[in-house]
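Structure file my_file.pdb (PDB, C-alpha atoms, pLDDT in the B column) is printed below.
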ATOM      1  CA  MET X1495       0.000   0.000   0.000  1.00 86.00           C
ATOM      2  CA  PRO X1496       1.401   3.406  -0.963  1.00 86.00           C
ATOM      3  CA  ARG X1497       2.718   5.519   1.886  1.00 93.00           C
ATOM      4  CA  PHE X1498       2.470   8.770  -0.101  1.00 93.00           C
ATOM      5  CA  LYS X1499      -0.547   9.856  -2.052  1.00 93.00           C
ATOM      6  CA  PRO X1500       0.191   9.983  -5.795  1.00 93.00           C
ATOM      7  CA  ILE X1501      -0.660  13.434  -7.148  1.00 91.00           C
ATOM      8  CA  GLN X1502      -2.945  13.530 -10.173  1.00 90.00           C
ATOM      9  CA  THR X1503      -1.819  16.069 -12.762  1.00 89.00           C
ATOM     10  CA  SER X1504      -5.175  17.860 -12.602  1.00 89.00           C
ATOM     11  CA  ASP X1505      -4.798  18.290  -8.809  1.00 91.00           C
ATOM     12  CA  ALA X1506      -1.128  19.278  -8.784  1.00 90.00           C
ATOM     13  CA  GLU X1507       0.128  22.723  -7.875  1.00 90.00           C
ATOM     14  CA  PRO X1508       1.282  24.680 -10.953  1.00 90.00           C
ATOM     15  CA  LYS X1509       5.000  23.801 -10.793  1.00 90.00           C
ATOM     16  CA  ALA X1510       4.289  20.098 -10.170  1.00 90.00           C
ATOM     17  CA  LYS X1511       1.647  20.117 -12.933  1.00 89.00           C
ATOM     18  CA  ALA X1512       4.155  21.474 -15.455  1.00 90.00           C
ATOM     19  CA  LEU X1513       6.717  18.866 -14.388  1.00 90.00           C
ATOM     20  CA  LEU X1514       4.173  16.032 -14.578  1.00 91.00           C
ATOM     21  CA  ASP X1515       3.137  17.232 -18.041  1.00 87.00           C
ATOM     22  CA  SER X1516       6.815  17.177 -19.045  1.00 84.00           C
ATOM     23  CA  GLY X1517       7.191  13.621 -17.732  1.00 78.00           C
ATOM     24  CA  GLN X1518       4.048  12.588 -19.623  1.00 83.00           C
ATOM     25  CA  LYS X1519       5.421  13.983 -22.890  1.00 80.00           C
ATOM     26  CA  LYS X1520       8.813  12.323 -22.396  1.00 78.00           C
ATOM     27  CA  MET X1521       7.551   8.891 -21.347  1.00 77.00           C
ATOM     28  CA  GLY X1522       4.108   8.704 -22.939  1.00 81.00           C
ATOM     29  CA  MET X1523       2.638   8.079 -19.487  1.00 85.00           C
ATOM     30  CA  THR X1524       2.969   9.478 -15.999  1.00 90.00           C
ATOM     31  CA  PRO X1525       4.287   6.683 -13.788  1.00 91.00           C
ATOM     32  CA  ASN X1526       3.140   6.461 -10.175  1.00 93.00           C
ATOM     33  CA  LEU X1527       6.717   7.041  -9.058  1.00 94.00           C
ATOM     34  CA  LEU X1528       6.605  10.522 -10.638  1.00 94.00           C
ATOM     35  CA  ARG X1529       3.118  11.195  -9.287  1.00 93.00           C
ATOM     36  CA  THR X1530       4.418  10.328  -5.838  1.00 96.00           C
ATOM     37  CA  MET X1531       7.489  12.528  -6.247  1.00 95.00           C
ATOM     38  CA  ALA X1532       5.110  15.368  -7.165  1.00 94.00           C
ATOM     39  CA  ASN X1533       4.336  15.727  -3.456  1.00 95.00           C
ATOM     40  CA  SER X1534       7.542  17.789  -3.563  1.00 94.00           C
ATOM     41  CA  PRO X1535       8.016  19.691  -6.841  1.00 94.00           C
ATOM     42  CA  ALA X1536      11.701  20.064  -5.923  1.00 95.00           C
ATOM     43  CA  VAL X1537      12.137  16.268  -5.773  1.00 95.00           C
ATOM     44  CA  LEU X1538      10.286  15.772  -9.054  1.00 94.00           C
ATOM     45  CA  GLU X1539      12.328  18.528 -10.693  1.00 94.00           C
ATOM     46  CA  ALA X1540      15.564  16.943  -9.433  1.00 95.00           C
ATOM     47  CA  TYR X1541      14.499  13.540 -10.770  1.00 93.00           C
ATOM     48  CA  LEU X1542      13.542  14.887 -14.210  1.00 92.00           C
ATOM     49  CA  GLY X1543      16.670  17.058 -14.417  1.00 93.00           C
ATOM     50  CA  PHE X1544      19.005  14.211 -13.503  1.00 95.00           C
ATOM     51  CA  SER X1545      17.183  11.860 -15.878  1.00 93.00           C
ATOM     52  CA  GLY X1546      17.351  14.400 -18.692  1.00 91.00           C
ATOM     53  CA  ALA X1547      21.051  15.052 -18.181  1.00 94.00           C
ATOM     54  CA  LEU X1548      21.880  11.330 -18.113  1.00 95.00           C
ATOM     55  CA  SER X1549      19.929  10.739 -21.313  1.00 93.00           C
ATOM     56  CA  LYS X1550      22.499  12.933 -23.088  1.00 94.00           C
ATOM     57  CA  ASN X1551      25.610  11.090 -21.906  1.00 93.00           C
ATOM     58  CA  SER X1552      27.783   8.730 -23.959  1.00 96.00           C
ATOM     59  CA  LEU X1553      26.256   5.527 -22.509  1.00 97.00           C
ATOM     60  CA  SER X1554      23.657   3.981 -24.776  1.00 97.00           C
ATOM     61  CA  ALA X1555      20.025   3.835 -23.660  1.00 96.00           C
ATOM     62  CA  LYS X1556      20.374   0.058 -23.643  1.00 97.00           C
ATOM     63  CA  LEU X1557      23.392   0.149 -21.299  1.00 98.00           C
ATOM     64  CA  ARG X1558      21.689   2.674 -19.004  1.00 98.00           C
ATOM     65  CA  GLU X1559      18.740   0.276 -18.690  1.00 97.00           C
ATOM     66  CA  GLN X1560      21.104  -2.629 -18.025  1.00 98.00           C
ATOM     67  CA  ILE X1561      22.765  -0.643 -15.230  1.00 98.00           C
ATOM     68  CA  ALA X1562      19.325   0.228 -13.823  1.00 98.00           C
ATOM     69  CA  LEU X1563      18.408  -3.456 -13.782  1.00 98.00           C
ATOM     70  CA  THR X1564      21.670  -4.399 -12.046  1.00 98.00           C
ATOM     71  CA  VAL X1565      21.245  -1.711  -9.379  1.00 98.00           C
ATOM     72  CA  SER X1566      17.528  -2.361  -8.852  1.00 97.00           C
ATOM     73  CA  GLU X1567      18.164  -6.086  -8.415  1.00 96.00           C
ATOM     74  CA  LEU X1568      20.773  -5.430  -5.731  1.00 96.00           C
ATOM     75  CA  ASN X1569      18.449  -2.968  -3.992  1.00 96.00           C
ATOM     76  CA  GLU X1570      15.485  -5.369  -4.237  1.00 94.00           C
ATOM     77  CA  CYS X1571      13.287  -2.720  -5.865  1.00 94.00           C
ATOM     78  CA  ARG X1572      10.219  -4.320  -7.461  1.00 94.00           C
ATOM     79  CA  TYR X1573       8.895  -1.028  -8.895  1.00 94.00           C
ATOM     80  CA  CYS X1574      12.183  -0.165 -10.607  1.00 95.00           C
ATOM     81  CA  LEU X1575      12.806  -3.719 -11.808  1.00 96.00           C
ATOM     82  CA  SER X1576       9.347  -3.719 -13.350  1.00 96.00           C
ATOM     83  CA  ALA X1577       9.809  -0.284 -14.921  1.00 95.00           C
ATOM     84  CA  HIS X1578      13.307  -0.981 -16.269  1.00 96.00           C
ATOM     85  CA  THR X1579      12.337  -4.398 -17.591  1.00 97.00           C
ATOM     86  CA  ALA X1580       9.601  -2.703 -19.638  1.00 95.00           C
ATOM     87  CA  MET X1581      11.832   0.212 -20.681  1.00 94.00           C
ATOM     88  CA  GLY X1582      14.733  -2.135 -21.416  1.00 96.00           C
ATOM     89  CA  LYS X1583      12.557  -4.093 -23.830  1.00 96.00           C
ATOM     90  CA  MET X1584      11.548  -0.791 -25.466  1.00 93.00           C
ATOM     91  CA  VAL X1585      15.230  -0.035 -26.206  1.00 96.00           C
ATOM     92  CA  GLY X1586      15.928  -3.527 -27.514  1.00 96.00           C
ATOM     93  CA  LEU X1587      16.883  -5.733 -24.564  1.00 97.00           C
ATOM     94  CA  SER X1588      15.854  -9.367 -24.961  1.00 97.00           C
ATOM     95  CA  GLU X1589      14.442 -11.445 -22.087  1.00 96.00           C
ATOM     96  CA  GLU X1590      17.877 -13.060 -21.754  1.00 97.00           C
ATOM     97  CA  GLU X1591      19.628  -9.672 -21.632  1.00 97.00           C
ATOM     98  CA  VAL X1592      17.190  -8.484 -18.958  1.00 97.00           C
ATOM     99  CA  ALA X1593      17.875 -11.598 -16.850  1.00 96.00           C
ATOM    100  CA  ASP X1594      21.645 -11.288 -17.391  1.00 97.00           C
ATOM    101  CA  SER X1595      21.582  -7.590 -16.494  1.00 97.00           C
ATOM    102  CA  ARG X1596      19.808  -8.308 -13.234  1.00 97.00           C
ATOM    103  CA  ARG X1597      22.767 -10.564 -12.348  1.00 96.00           C
ATOM    104  CA  GLY X1598      25.339  -8.064 -13.632  1.00 96.00           C
ATOM    105  CA  ALA X1599      26.298 -10.331 -16.525  1.00 97.00           C
ATOM    106  CA  SER X1600      26.617  -9.948 -20.289  1.00 97.00           C
ATOM    107  CA  PRO X1601      28.285 -11.883 -23.109  1.00 97.00           C
ATOM    108  CA  ASP X1602      29.787  -8.544 -24.197  1.00 97.00           C
ATOM    109  CA  ARG X1603      33.075  -7.973 -22.326  1.00 96.00           C
ATOM    110  CA  LYS X1604      32.734  -4.203 -21.924  1.00 97.00           C
ATOM    111  CA  THR X1605      29.068  -4.377 -20.892  1.00 98.00           C
ATOM    112  CA  GLU X1606      29.823  -7.053 -18.315  1.00 97.00           C
ATOM    113  CA  ALA X1607      32.715  -4.991 -16.939  1.00 98.00           C
ATOM    114  CA  VAL X1608      30.380  -1.982 -16.597  1.00 98.00           C
ATOM    115  CA  LEU X1609      27.667  -4.042 -14.885  1.00 98.00           C
ATOM    116  CA  GLN X1610      30.161  -5.669 -12.514  1.00 97.00           C
ATOM    117  CA  PHE X1611      31.555  -2.230 -11.687  1.00 98.00           C
ATOM    118  CA  ALA X1612      28.013  -0.962 -11.032  1.00 98.00           C
ATOM    119  CA  ARG X1613      27.533  -3.896  -8.643  1.00 97.00           C
ATOM    120  CA  GLN X1614      30.755  -2.944  -6.851  1.00 97.00           C
ATOM    121  CA  VAL X1615      29.686   0.693  -6.549  1.00 98.00           C
ATOM    122  CA  VAL X1616      26.417  -0.410  -4.903  1.00 98.00           C
ATOM    123  CA  THR X1617      27.750  -3.165  -2.661  1.00 97.00           C
ATOM    124  CA  GLU X1618      30.825  -1.187  -1.576  1.00 96.00           C
ATOM    125  CA  ARG X1619      28.870   2.079  -1.255  1.00 96.00           C
ATOM    126  CA  GLY X1620      31.214   3.742  -3.724  1.00 96.00           C
ATOM    127  CA  TRP X1621      34.434   2.524  -2.098  1.00 97.00           C
ATOM    128  CA  VAL X1622      35.672   0.656  -5.165  1.00 97.00           C
ATOM    129  CA  SER X1623      39.256  -0.541  -5.444  1.00 96.00           C
ATOM    130  CA  ASP X1624      41.958   0.518  -7.877  1.00 97.00           C
ATOM    131  CA  GLU X1625      41.589  -2.960  -9.394  1.00 96.00           C
ATOM    132  CA  ASP X1626      37.860  -2.366 -10.007  1.00 96.00           C
ATOM    133  CA  VAL X1627      38.632   0.808 -11.952  1.00 97.00           C
ATOM    134  CA  ALA X1628      41.554  -0.846 -13.775  1.00 97.00           C
ATOM    135  CA  SER X1629      39.282  -3.731 -14.858  1.00 95.00           C
ATOM    136  CA  LEU X1630      36.818  -1.279 -16.309  1.00 96.00           C
ATOM    137  CA  ARG X1631      39.567   0.591 -18.154  1.00 97.00           C
ATOM    138  CA  ALA X1632      41.015  -2.709 -19.457  1.00 97.00           C
ATOM    139  CA  ALA X1633      37.597  -3.473 -20.973  1.00 97.00           C
ATOM    140  CA  GLY X1634      37.825  -0.223 -22.970  1.00 97.00           C
ATOM    141  CA  THR X1635      35.880   2.156 -20.737  1.00 97.00           C
ATOM    142  CA  SER X1636      37.044   5.782 -20.650  1.00 97.00           C
ATOM    143  CA  ASP X1637      37.201   7.935 -17.535  1.00 97.00           C
ATOM    144  CA  GLY X1638      34.224   9.921 -18.835  1.00 97.00           C
ATOM    145  CA  GLU X1639      32.205   6.723 -19.239  1.00 97.00           C
ATOM    146  CA  ILE X1640      33.207   5.615 -15.729  1.00 98.00           C
ATOM    147  CA  ALA X1641      31.931   8.934 -14.371  1.00 98.00           C
ATOM    148  CA  GLU X1642      28.655   8.384 -16.265  1.00 98.00           C
ATOM    149  CA  VAL X1643      28.329   4.858 -14.856  1.00 98.00           C
ATOM    150  CA  VAL X1644      28.703   6.247 -11.326  1.00 98.00           C
ATOM    151  CA  ALA X1645      26.078   8.922 -12.052  1.00 98.00           C
ATOM    152  CA  THR X1646      23.698   6.325 -13.523  1.00 98.00           C
ATOM    153  CA  VAL X1647      24.154   4.073 -10.490  1.00 98.00           C
ATOM    154  CA  SER X1648      23.531   7.023  -8.156  1.00 98.00           C
ATOM    155  CA  PHE X1649      20.396   8.063 -10.026  1.00 98.00           C
ATOM    156  CA  ASN X1650      19.020   4.536  -9.770  1.00 98.00           C
ATOM    157  CA  ILE X1651      19.839   4.287  -6.069  1.00 98.00           C
ATOM    158  CA  PHE X1652      17.807   7.475  -5.580  1.00 98.00           C
ATOM    159  CA  THR X1653      14.777   6.030  -7.368  1.00 96.00           C
ATOM    160  CA  ASN X1654      15.135   2.650  -5.607  1.00 96.00           C
ATOM    161  CA  TYR X1655      15.281   4.259  -2.179  1.00 97.00           C
ATOM    162  CA  PHE X1656      12.453   6.655  -2.980  1.00 97.00           C
ATOM    163  CA  ASP X1657      10.359   3.645  -3.974  1.00 96.00           C
ATOM    164  CA  HIS X1658      11.231   1.815  -0.753  1.00 95.00           C
ATOM    165  CA  VAL X1659      10.085   4.757   1.342  1.00 96.00           C
ATOM    166  CA  ALA X1660       7.032   5.869  -0.663  1.00 96.00           C
ATOM    167  CA  LYS X1661       5.854   2.435  -1.898  1.00 95.00           C
ATOM    168  CA  PRO X1662       3.956   3.602  -5.006  1.00 95.00           C
ATOM    169  CA  ASP X1663       1.737   1.071  -6.739  1.00 92.00           C
ATOM    170  CA  VAL X1664       3.596  -0.650  -9.578  1.00 93.00           C
ATOM    171  CA  ASP X1665       2.083   0.529 -12.865  1.00 90.00           C
ATOM    172  CA  PHE X1666       4.294  -1.505 -15.219  1.00 92.00           C
ATOM    173  CA  PRO X1667       4.015  -5.228 -15.929  1.00 90.00           C
ATOM    174  CA  GLU X1668       5.207  -6.538 -12.580  1.00 91.00           C
ATOM    175  CA  VAL X1669       8.291  -8.699 -12.176  1.00 90.00           C
ATOM    176  CA  ASP X1670       9.581 -10.519  -9.114  1.00 83.00           C
ATOM    177  CA  ALA X1671      12.263  -8.855  -7.092  1.00 74.00           C
ATOM    178  CA  PRO X1672      14.667 -10.580  -4.700  1.00 77.00           C
ATOM    179  CA  GLY X1673      13.621 -10.329  -1.109  1.00 63.00           C
ATOM    180  CA  ASN X1674       9.910 -10.014  -1.889  1.00 55.00           C
ATOM    181  CA  LYS X1675       8.004 -11.535   0.953  1.00 42.00           C
ATOM    182  CA  PRO X1676       4.874 -13.450  -0.011  1.00 39.00           C
ATOM    183  CA  ALA X1677       1.609 -12.221   1.454  1.00 36.00           C
ATOM    184  CA  CYS X1678       0.770 -13.984   4.678  1.00 33.00           C
ATOM    185  CA  ALA X1679      -1.587 -16.911   4.146  1.00 35.00           C
ATOM    186  CA  CYS X1680      -2.437 -16.924   7.837  1.00 33.00           C
ATOM    187  CA  GLY X1681      -5.958 -17.758   8.876  1.00 32.00           C
TER     188      GLY X1681
END
Can you turn what I pasted into structure tokens?
Amino acid sequence: MPRFKPIQTSDAEPKAKALLDSGQKKMGMTPNLLRTMANSPAVLEAYLGFSGALSKNSLSAKLREQIALTVSELNECRYCLSAHTAMGKMVGLSEEEVADSRRGASPDRKTEAVLQFARQVVTERGWVSDEDVASLRAAGTSDGEIAEVVATVSFNIFTNYFDHVAKPDVDFPEVDAPGNKPACACG
């Protein structure tokens, strides 16, 4: 059950309404996560600004979705796994690539190095080793791309944690997330 009330565009204050309209135009829908963020126009503006900036970086849309899946799996975020599975398929990820990404794996050497590095950033809370960075460089990743991977990981941690606190209803085809507890079948 949602902890925060999702804001309907028609009921939003002017700044939040404009931001929700912008999200609707960009995504073709207004996800519940954005409607929930609209409780604070500043949070919604930060989300949309960060998302917009990352969409212009050198990482492909496909790789950004793969990173999102890796991070969301580690953070056990059902909403984000569901959203990024759907969005990943929209940018060309196959079912197998989605499953691999959730594990931080890929048959492509550079992609796997990026996903493994993303895992390290999450699990080590940013305290990666020199060897972690060297592995990424050895796979052909530039310093600029490494910076963009860190930003993409950070952006996804923000959305994962926001979801955990706010608990918006999932409005994408739902997927299982690790750590999901089944509903109690108690009598």
Atom CA of Ile1651 of chain X and atom CA of Arg1613 of chain X, how far apart in Å?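 If I compute the distance from atom CA of Arg1613 of chain X to atom CA of Ile1651 of chain X, I get 11.5 Å.
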Mind pulling up the distance from atom CA of Tyr1655 of chain X to atom CA of Ser1600 of chain X?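 Atom CA of Ser1600 of chain X sits 25.7 Å away from atom CA of Tyr1655 of chain X.
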Any idea what's packed within 12 Å of Cys1571 of chain X, counting only C-alpha atoms, ignoring anything in its chain fewer than 2 positions away? Could you give it as a PyMOL selection string? chain X and resi 1562-1569+1573-1579+1596+1650-1662+1664+1668-1674
Considering only C-alpha atoms, return as a PyMOL selection string whatever protein or nucleic-acid residues lie within 7 Å of Glu1639 of chain X, sequence-local ones (same chain, fewer than 4 positions apart) excluded. chain X and resi 1552-1553+1635+1643
Contact residues around Val1627 of chain X with only C-alpha atoms at 10 Å, ignoring same-chain residues under 2 positions, as a compact mmCIF listing (two decimals) with C-alpha atoms, in the coordinates of the input:
# COMPACT_ATOMS: atom_id res chain seq x y z
CA ALA X 1607 32.72 -4.99 -16.94
CA VAL X 1608 30.38 -1.98 -16.60
CA PHE X 1611 31.56 -2.23 -11.69
CA VAL X 1622 35.67 0.66 -5.16
CA SER X 1623 39.26 -0.54 -5.44
CA ASP X 1624 41.96 0.52 -7.88
CA GLU X 1625 41.59 -2.96 -9.39
CA SER X 1629 39.28 -3.73 -14.86
CA LEU X 1630 36.82 -1.28 -16.31
CA ARG X 1631 39.57 0.59 -18.15
CA ALA X 1632 41.02 -2.71 -19.46
CA THR X 1635 35.88 2.16 -20.74
CA ASP X 1637 37.20 7.94 -17.54
CA ILE X 1640 33.21 5.62 -15.73
So that I can check the surroundings of Ser1595 of chain X, please list as a PyMOL selection string every protein, DNA and RNA residue that reaches within 9 Å of it, counting all atoms listed in the file and ignoring chain neighbours fewer than 2 positions away. chain X and resi 1559-1564+1567+1590-1593+1597-1600+1606+1609
Using C-alpha atoms, can you export the residues from the last selection as a PDB file, in the coordinates of the input?
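Here's the written file out34.pdb:
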ATOM      1  CA  GLU X1559      18.740   0.276 -18.690  1.00 97.00           C
ATOM      2  CA  GLN X1560      21.104  -2.629 -18.025  1.00 98.00           C
ATOM      3  CA  ILE X1561      22.765  -0.643 -15.230  1.00 98.00           C
ATOM      4  CA  ALA X1562      19.325   0.228 -13.823  1.00 98.00           C
ATOM      5  CA  LEU X1563      18.408  -3.456 -13.782  1.00 98.00           C
ATOM      6  CA  THR X1564      21.670  -4.399 -12.046  1.00 98.00           C
ATOM      7  CA  GLU X1567      18.164  -6.086  -8.415  1.00 96.00           C
ATOM      8  CA  GLU X1590      17.877 -13.060 -21.754  1.00 97.00           C
ATOM      9  CA  GLU X1591      19.628  -9.672 -21.632  1.00 97.00           C
ATOM     10  CA  VAL X1592      17.190  -8.484 -18.958  1.00 97.00           C
ATOM     11  CA  ALA X1593      17.875 -11.598 -16.850  1.00 96.00           C
ATOM     12  CA  ARG X1597      22.767 -10.564 -12.348  1.00 96.00           C
ATOM     13  CA  GLY X1598      25.339  -8.064 -13.632  1.00 96.00           C
ATOM     14  CA  ALA X1599      26.298 -10.331 -16.525  1.00 97.00           C
ATOM     15  CA  SER X1600      26.617  -9.948 -20.289  1.00 97.00           C
ATOM     16  CA  GLU X1606      29.823  -7.053 -18.315  1.00 97.00           C
ATOM     17  CA  LEU X1609      27.667  -4.042 -14.885  1.00 98.00           C
TER      18      LEU X1609
END
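Counting all atoms listed in the file and comparing X:Ala1628, X:Ala1510, X:Gly1522, X:Gly1582, the residue that lies closest to Val1537 of chain X is X:Ala1510.
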I need the residue set behind the PyMOL selection byres ((chain X and resi 1541-1548) around 10) for this file; please write it as a list in words.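 Listing what the PyMOL selection byres ((chain X and resi 1541-1548) around 10) selects in the shown file: Leu1513, Leu1514, Ser1516, Gly1517, Lys1520, Leu1528, Met1531, Pro1535, Ala1536, Val1537, Leu1538, Glu1539, Ala1540, Ser1549, Lys1550, Asn1551, Ser1552, Leu1553, Ala1555, Arg1558, Glu1642, Val1643, Ala1645, Thr1646, Phe1649, Asn1650, Phe1652 and Thr1653 of chain X.
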Centre and edge lengths of an axis-aligned box around all listed atoms of segment 1659-1669 of chain X, with 5 Å added on each side, are to be given in Å to one decimal, as JSON.
{"center_x": 5.9, "center_y": -1.4, "center_z": -7.3, "size_x": 18.3, "size_y": 24.6, "size_z": 27.3}
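Take atom CA of Gln1518 of chain X and atom CA of Lys1556 of chain X: the distance between them is 21.0 Å.
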Taking (-5.8, 13.5, -13.0) in the coordinates of the supplied file, I want to know which residues reach to within 12 Å of it, counting all atoms listed in the file; could you give the answer as a PyMOL selection string? chain X and resi 1500-1506+1511+1514-1515+1518+1523-1524+1526+1529
